[in-house]
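In what follows, a single structure is set out as structure tokens and then discussed.
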Amino acid sequence: MASEQPYLHNLSGVFSAPIQAWSDAHGQIRHTGAQGIYCGDDRVLDTAVLTVDGREPEWVSTQLRSSKETDYIYFVRADAEVADPLLSLVRTRSAHSGRIRPGQDTEFLTGCTGRVAEELRLESAMREPVTLTVRMTLRADNTTMEDIKQGARGAAAVEPQGPAWSWRDKDTALALTADNATVSFNGSTVAIEWAVEVFPGKPVHLAWSVDLTDADSPMLAADGEPIAAPASKDPRLSRLLERSVSDLNSLRLAHYSHPHDTFLAAGAPWFFTMFGRDSIIAARMLLPINTAIAGGTLRALAGRQGTETDHTTAVQPGKILHEVRRTVLTMAESGHALRLPPVYYGTIDATPLWICLLHDAWKAGMPDAEVEELLPNLQDALEWLRDHGDLDGDGFLEYLDASGQGLVNQGWKDSGDAIRWHDGSLAKGPIALAEVQAYAYEAAVVGAEILDAFGRPGAQEWRDYAAGMAERFRAQFWCEDELGPYPALALDADKRAVDGVTSNMGHLLGTGILNEDEQRIVVNRVMDPTMFSGYGVRTLSTTNGGYWPTRYHAGAVWSHDTALIISGMLADGFPEEAAQLAAGLLNVAEANDWRLPELFGGHGADTMRTPVPFPASCRPQAWASASSVVIAAALTPAGPAQEELLQASVASGVLR
């Protein structure tokens with residue numbers, strides 16, 4: 001159940017998609033919650049506890065080297081007569097990913113490999129040598145990610161008889177290495193033990209590792225060059241950008257069907273996979289500093305673009321997918337039984353956003369030849385807007401889960417309780433979201449531009465489509481309350497404007513669907529204290545009957561949500577308000593060791609000195625990390641680097 005989902009806010013992790021390892025803040029992996037070592041969607045070890053002479057060493061510090069490597073520093077009490085901590089132990093954990101190379105009889109590159117390794121370094125300033133027994137206790141596991149997300153502790157059905165074992169019909173395997181150690185096996189428990197003598201001034205190095213293989217994984221480690229962090233003379237922005245790019249590089253993935261097209265996994269630990277909307281938005285934010293991720297994302301998603309109609313998978317011709325999993329994903333959410341197929345298309349916004357990303361990548365320098373290869377996909381995506389996205393022919397894009405087992409809500413706020421009237425009650429679908437109409441408007445405009453530029457017919461049809469969308473939107477989506485007019489969250493099944501005041505209206509900025517007066521109205525509303533917490537824009541106004549500061553999509557603040565609003569403000573000529581929001585997010589990053597959280601509490605900055613964590617949010621999360629580029633563009637340039645980044649944002653089309 002959603003209420004049993006493990007919390008992550010106080011955990012430490014290392015990541016190299018699709019490999020990850022989660023421990024407590026002190027480095028110990030304790031068979032609790034989401035702690036463990038993972039290969040793809042399987043947890044393979046749920047325990048890795050370090051002891052010295054039968055006691056856990058005293059943790060003193062955790063030092064992040066990168067998203068793939070972390071040091072945990074301990075002191076060891078070796079002499080009761082000595083008060084000073086003269087014997088230290090540094091535990092360095094790292095994650096590395098790779099690929100299974102195709103053999104003679106293998107047509108396609110499939111499967112992933114990886115390693116999680118630990119180095120233990122003991123150093124002493126004692127007068128005499130110290131003899132110690134260092135022990136690492138491991139526990140084999142085979143629990144799936146979906147079970148862990150629902151609070152399962154794991155069956156621990158794996159009972160190794162030696163240093164290598166496998167499961168899933170031997171598709172998934174683990175090999176343990178521990179040099180100069182004694183390794184013993186007892187059921188699911190594996191014990192590694194070293195007897196060492198530590199001399200003053202002479203460090204002792206110990207190491208163990210697990211090599212992981214998943215021969216049937218649809219996700220591969222990415223190839224190609226990693227993303228490079230832009231330079232900054234502002235030390236705070238520099239820290240943010242460095243941490244964010246490190247996180248983004250740990251999320252780089254490829255799909256076996258397009259092994260050389262890199263995209264970003266949505267986030268760790270829950271969404272280490274291809275996600276249409278999330279991967280597109282993150283790639284779009286990154287365009288000022290990297291275009292390769294956009295190209296890889298576009299091609300990887302185009303390769304799975306819908307060609308048929310099937311209510312079970314929610315696929316339709318021209319539609320861009322929502323997510324890819326290894327197997328059927330079965331979960332319970334808000335009383336609704338979810339059963340999502342391995343390739344699921346239940347998203348209303350990924351298709352128009354794919355079109356927008358193609359345009360912005362082209363403007364940012366994507367070669368014409370690469371754009372031209374995707375023109376058939378562009379035409380199919382545009383036709384989806386007209387022929388399939390509009391369920392009832394009213395000119396708006398709506399969603400409704402026809403399978404009874406898919407996502408009830410299919411915009412970015414996809415939890416079952418996200419679409420609320422002002423009194424807090426839930427709206428009934430089909431639902432036409434405000435921001436989705438704006439995405440469709442923008443997609444039609446920029447799609448027409450691409451068709452014209454490449455000599456393809458049909459551009460005028462899409463300009464007419466956009467003009468009609470703007471007219472219909474203006475006629476049906478506006479509400480009014482005591483603060484004045486504002487765009488509704490959505491239209492419900494009866495075509496009534498759902499009057500919840502939400503951050504969704506901020507996504508209209510920068511799309512072109514609003515005139516200048518409407519832009520100012522939206523900017524003023526999202527900057528109102530009922531919406532802007534001082535740290536970011538709340539997903540739902542504090543005046544709403546359903547507001548709660550740590551309700552996922554109804555009160556919490558999402559970093560990427562605020563960043564998209566910042567981007568729209570810059571595009572529409574509101575730099576001062578954009579800078580205020582960016583400064584709030586920069587403070588959030590600083591309070592979280594320079595990692596922007598996926599989401600955090602909607603509590604006001606006037607009541608909380610630091611933002612309150614949302615305990616189950618992904619860390620890292622792709623579109624949150626990519627938001628750092630938008631923040632850097634929005635803050636007053638402190639030198640040529642920031643000026644260059646801002647100009648690149650405008651040139652790429654991200655800030656229009």
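A note on labels: chains of the structure tokens are A, B, ... as shown, every chain counts residues from 1, and ligands are counted from 1 in their shown order.
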
Neighbours of range 406-411 of chain A within 9 Å (only C-alpha atoms; same-chain residues fewer than 4 positions away dropped), as a VMD selection string? chain A and resid 277 312 to 314 336 to 341 344 346 to 350 399 to 402 415 to 419 429 431 433 435 to 436

If you take only C-alpha atoms and a cut-off of 12 Å, which residues of range 545-595 of chain A touch range 283-293 of chain A, and what are their nearest atom pairs and distances in Å to one decimal, in chain and number order, as CSV?
residue,atom,partner,partner_atom,distance
A:His560,CA,A:Met285,CA,9.4
A:Asp561,CA,A:Met285,CA,11.8
A:Ala563,CA,A:Met285,CA,9.0
A:Leu564,CA,A:Met285,CA,8.6
A:Ile566,CA,A:Met285,CA,11.3
A:Ser567,CA,A:Met285,CA,8.9
A:Gly568,CA,A:Met285,CA,11.8

Run DSSP on the backbone and give me the residues of range 343-494 of chain A it puts in strand (DSSP E), as number ranges by chain. A: 343-344, 432-433, 478-481, 484-487, 490-491

Requested write-out: N, CA, C and O atoms of the selected residues, as a PDB file, in the first residue's frame:
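Result file is selection-v4.pdb:
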ATOM      1  N   VAL A 343       5.150  -2.340 -21.026  1.00  0.00           N
ATOM      2  CA  VAL A 343       5.242  -1.099 -21.799  1.00  0.00           C
ATOM      3  C   VAL A 343       3.864  -0.438 -21.725  1.00  0.00           C
ATOM      4  O   VAL A 343       2.886  -0.965 -22.245  1.00  0.00           O
ATOM      5  N   TYR A 344       3.813   0.725 -21.072  1.00  0.00           N
ATOM      6  CA  TYR A 344       2.535   1.360 -20.750  1.00  0.00           C
ATOM      7  C   TYR A 344       2.509   2.774 -21.316  1.00  0.00           C
ATOM      8  O   TYR A 344       3.487   3.527 -21.203  1.00  0.00           O
ATOM      9  N   ALA A 432      -9.602  17.093 -18.785  1.00  0.00           N
ATOM     10  CA  ALA A 432      -8.798  17.878 -19.733  1.00  0.00           C
ATOM     11  C   ALA A 432      -7.977  18.876 -18.918  1.00  0.00           C
ATOM     12  O   ALA A 432      -8.517  19.874 -18.426  1.00  0.00           O
ATOM     13  N   LEU A 433      -6.705  18.607 -18.738  1.00  0.00           N
ATOM     14  CA  LEU A 433      -5.837  19.450 -17.916  1.00  0.00           C
ATOM     15  C   LEU A 433      -5.461  20.738 -18.631  1.00  0.00           C
ATOM     16  O   LEU A 433      -5.221  20.746 -19.844  1.00  0.00           O
ATOM     17  N   TRP A 478     -11.289  29.729 -17.816  1.00  0.00           N
ATOM     18  CA  TRP A 478     -11.014  30.761 -16.824  1.00  0.00           C
ATOM     19  C   TRP A 478     -12.057  30.771 -15.710  1.00  0.00           C
ATOM     20  O   TRP A 478     -13.247  30.600 -15.942  1.00  0.00           O
ATOM     21  N   CYS A 479     -11.541  30.945 -14.486  1.00  0.00           N
ATOM     22  CA  CYS A 479     -12.377  31.041 -13.274  1.00  0.00           C
ATOM     23  C   CYS A 479     -12.110  32.384 -12.598  1.00  0.00           C
ATOM     24  O   CYS A 479     -11.238  33.143 -13.020  1.00  0.00           O
ATOM     25  N   GLU A 480     -12.821  32.612 -11.506  1.00  0.00           N
ATOM     26  CA  GLU A 480     -12.577  33.832 -10.731  1.00  0.00           C
ATOM     27  C   GLU A 480     -12.895  33.554  -9.275  1.00  0.00           C
ATOM     28  O   GLU A 480     -13.834  32.825  -8.953  1.00  0.00           O
ATOM     29  N   ASP A 481     -12.070  34.133  -8.375  1.00  0.00           N
ATOM     30  CA  ASP A 481     -12.330  34.065  -6.943  1.00  0.00           C
ATOM     31  C   ASP A 481     -12.063  35.436  -6.338  1.00  0.00           C
ATOM     32  O   ASP A 481     -11.982  36.434  -7.070  1.00  0.00           O
ATOM     33  N   GLY A 484      -9.368  37.400  -7.925  1.00  0.00           N
ATOM     34  CA  GLY A 484      -9.501  37.751  -9.336  1.00  0.00           C
ATOM     35  C   GLY A 484      -9.528  36.533 -10.244  1.00  0.00           C
ATOM     36  O   GLY A 484      -9.648  35.393  -9.787  1.00  0.00           O
ATOM     37  N   PRO A 485      -9.402  36.740 -11.555  1.00  0.00           N
ATOM     38  CA  PRO A 485      -9.468  35.638 -12.514  1.00  0.00           C
ATOM     39  C   PRO A 485      -8.188  34.797 -12.494  1.00  0.00           C
ATOM     40  O   PRO A 485      -7.113  35.268 -12.111  1.00  0.00           O
ATOM     41  N   TYR A 486      -8.333  33.543 -12.947  1.00  0.00           N
ATOM     42  CA  TYR A 486      -7.184  32.636 -13.046  1.00  0.00           C
ATOM     43  C   TYR A 486      -7.587  31.441 -13.902  1.00  0.00           C
ATOM     44  O   TYR A 486      -8.782  31.128 -14.019  1.00  0.00           O
ATOM     45  N   PRO A 487      -6.630  30.738 -14.509  1.00  0.00           N
ATOM     46  CA  PRO A 487      -6.960  29.556 -15.300  1.00  0.00           C
ATOM     47  C   PRO A 487      -7.321  28.379 -14.392  1.00  0.00           C
ATOM     48  O   PRO A 487      -6.646  28.113 -13.388  1.00  0.00           O
ATOM     49  N   ALA A 490      -8.557  22.255 -14.716  1.00  0.00           N
ATOM     50  CA  ALA A 490      -8.971  21.298 -15.738  1.00  0.00           C
ATOM     51  C   ALA A 490     -10.436  21.517 -16.079  1.00  0.00           C
ATOM     52  O   ALA A 490     -11.134  22.310 -15.432  1.00  0.00           O
ATOM     53  N   LEU A 491     -10.906  20.806 -17.071  1.00  0.00           N
ATOM     54  CA  LEU A 491     -12.331  20.599 -17.318  1.00  0.00           C
ATOM     55  C   LEU A 491     -12.672  19.181 -16.905  1.00  0.00           C
ATOM     56  O   LEU A 491     -11.903  18.243 -17.174  1.00  0.00           O
TER      57      LEU A 491
END

Have a look at A:Ser124, A:Phe15, A:Ala191, A:Thr32 and name the one nearest to Leu50 in chain A; count only C-alpha atoms.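 Among the listed residues, the smallest separation from Leu50 in chain A belongs to A:Ala191.
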
Which residue is closest to Pro129 in chain A? Choose from A:Leu64, A:Pro203, A:Pro85, A:Val537 and count only C-alpha atoms. A:Pro203

Proximity to Asp53 in chain A - best of A:Glu373, A:Glu193, A:Asp234, A:Asp141, only C-alpha atoms: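 Distance minimum relative to Asp53 in chain A lands on A:Glu193.
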
Shell around range 495-503 of chain A at 10 Å using only C-alpha atoms, local window under 3 positions removed, as a VMD selection string: chain A and resid 394 419 to 435 476 to 481 486 to 492 506 to 508 522 525 to 526 530 to 532 537 to 546 553 to 555 557 to 558 561 to 562 565

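Closest approach to Ala589 in chain A from the set A:Val315, A:Ala369, A:Ala266, A:Leu240 is made by A:Leu240, with distances taken over only C-alpha atoms.
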
Just to confirm, what's the straight-line distance from CA of Arg472 in chain A to CA of Leu357 in chain A in Å (one decimal)? 24.6 Å

Just how far from CA of Thr113 in chain A is CA of Asp214 in chain A, in Å to one decimal?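 Computing the Euclidean distance for CA of Asp214 in chain A and CA of Thr113 in chain A yields 6.3 Å.
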
From the options A:Leu132, A:Val629, A:Val245, A:Ile19, which residue's atoms come nearest to Gly40 in chain A, counting only C-alpha atoms? A:Ile19

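Distance check against Lys149 in chain A using only C-alpha atoms: of A:Leu321, A:Leu8, A:Leu87, A:Ala556, the minimum falls on A:Leu8.
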
Residue set, range 110-204 of chain A restricted to alpha helix (DSSP H), as a short mmCIF file (atom, residue, chain, number, x, y, z; two decimals) with all heavy atoms, in the first residue's frame:
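File selection-v7.cif, as written:
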data_model
loop_
_atom_site.label_atom_id
_atom_site.label_comp_id
_atom_site.auth_asym_id
_atom_site.auth_seq_id
_atom_site.Cartn_x
_atom_site.Cartn_y
_atom_site.Cartn_z
N MET A 145 11.46 -4.56 -6.81
CA MET A 145 11.27 -3.16 -6.44
C MET A 145 9.81 -2.86 -6.09
O MET A 145 9.53 -2.11 -5.16
CB MET A 145 11.73 -2.26 -7.59
CG MET A 145 11.63 -0.78 -7.30
SD MET A 145 12.76 -0.26 -5.99
CE MET A 145 14.31 -0.29 -6.88
N GLU A 146 8.86 -3.45 -6.84
CA GLU A 146 7.46 -3.14 -6.56
C GLU A 146 7.07 -3.65 -5.17
O GLU A 146 6.29 -3.00 -4.47
CB GLU A 146 6.55 -3.73 -7.62
CG GLU A 146 6.52 -5.22 -7.72
CD GLU A 146 5.58 -5.71 -8.82
OE1 GLU A 146 4.37 -5.80 -8.56
OE2 GLU A 146 6.06 -6.02 -9.92
N ASP A 147 7.61 -4.80 -4.73
CA ASP A 147 7.31 -5.28 -3.38
C ASP A 147 7.92 -4.37 -2.32
O ASP A 147 7.30 -4.09 -1.28
CB ASP A 147 7.83 -6.71 -3.21
CG ASP A 147 6.96 -7.74 -3.90
OD1 ASP A 147 5.80 -7.41 -4.22
OD2 ASP A 147 7.44 -8.86 -4.14
N ILE A 148 9.15 -3.91 -2.58
CA ILE A 148 9.81 -3.03 -1.62
C ILE A 148 9.04 -1.72 -1.49
O ILE A 148 8.84 -1.20 -0.39
CB ILE A 148 11.26 -2.77 -2.05
CG1 ILE A 148 12.07 -4.06 -1.91
CG2 ILE A 148 11.90 -1.65 -1.23
CD1 ILE A 148 13.40 -4.02 -2.60
N LYS A 149 8.56 -1.20 -2.62
CA LYS A 149 7.83 0.07 -2.58
C LYS A 149 6.55 -0.06 -1.78
O LYS A 149 6.04 0.91 -1.22
CB LYS A 149 7.53 0.54 -4.00
CG LYS A 149 7.04 1.98 -4.06
CD LYS A 149 6.86 2.46 -5.48
CE LYS A 149 6.42 3.93 -5.47
NZ LYS A 149 6.16 4.43 -6.84
#

Would you pick out the contacts of Thr327 in chain A at 10 Å or less, using only C-alpha atoms, so that residues sharing its chain but fewer than 2 positions from it are not included, and give the list as a VMD selection string? chain A and resid 41 218 324 to 325 329 to 330 340 to 343

How far is it from CA of Gln405 in chain A to CA of Ala268 in chain A, in Å with one decimal?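 These two atoms are separated by 24.6 Å.
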
Please, which residues in range 28-55 of chain A fall within 12 Å of range 171-186 of chain A when counting only C-alpha atoms, and what is the closest atom pair and distance in Å to one decimal for each, ordered by chain then residue number, as a tab-separated table?
residue	atom	partner	partner_atom	distance
A:Ile37	CA	A:Leu174	CA	11.0
A:Tyr38	CA	A:Leu174	CA	10.7
A:Cys39	CA	A:Thr172	CA	8.3
A:Gly40	CA	A:Thr172	CA	9.7
A:Asp41	CA	A:Thr172	CA	10.7
A:Asp42	CA	A:Thr172	CA	8.8
A:Arg43	CA	A:Thr172	CA	10.8
A:Val44	CA	A:Leu174	CA	7.8
A:Leu45	CA	A:Leu174	CA	9.6

Which polymer residues have any atom within 7 Å of an atom of Leu264 in chain A, counting only C-alpha atoms, with same-chain residues fewer than 3 positions away left out, as a list in words? Leu251, Arg252, Leu253, Ser279 and Ala622 of chain A

Neighbouring residues of Gly36 in chain A were defined as those with any atom within 8 Å, considering only C-alpha atoms; residues of the same chain fewer than 2 positions away were excluded. Please report them as a list in words.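 These residues fall inside the cut-off: Ala21, Trp22, Ser23, Ile29, Arg30, His31, Ala34, Tyr38, Arg43, Val44, Leu45, Asp46, Thr47 and Ala48 of chain A.
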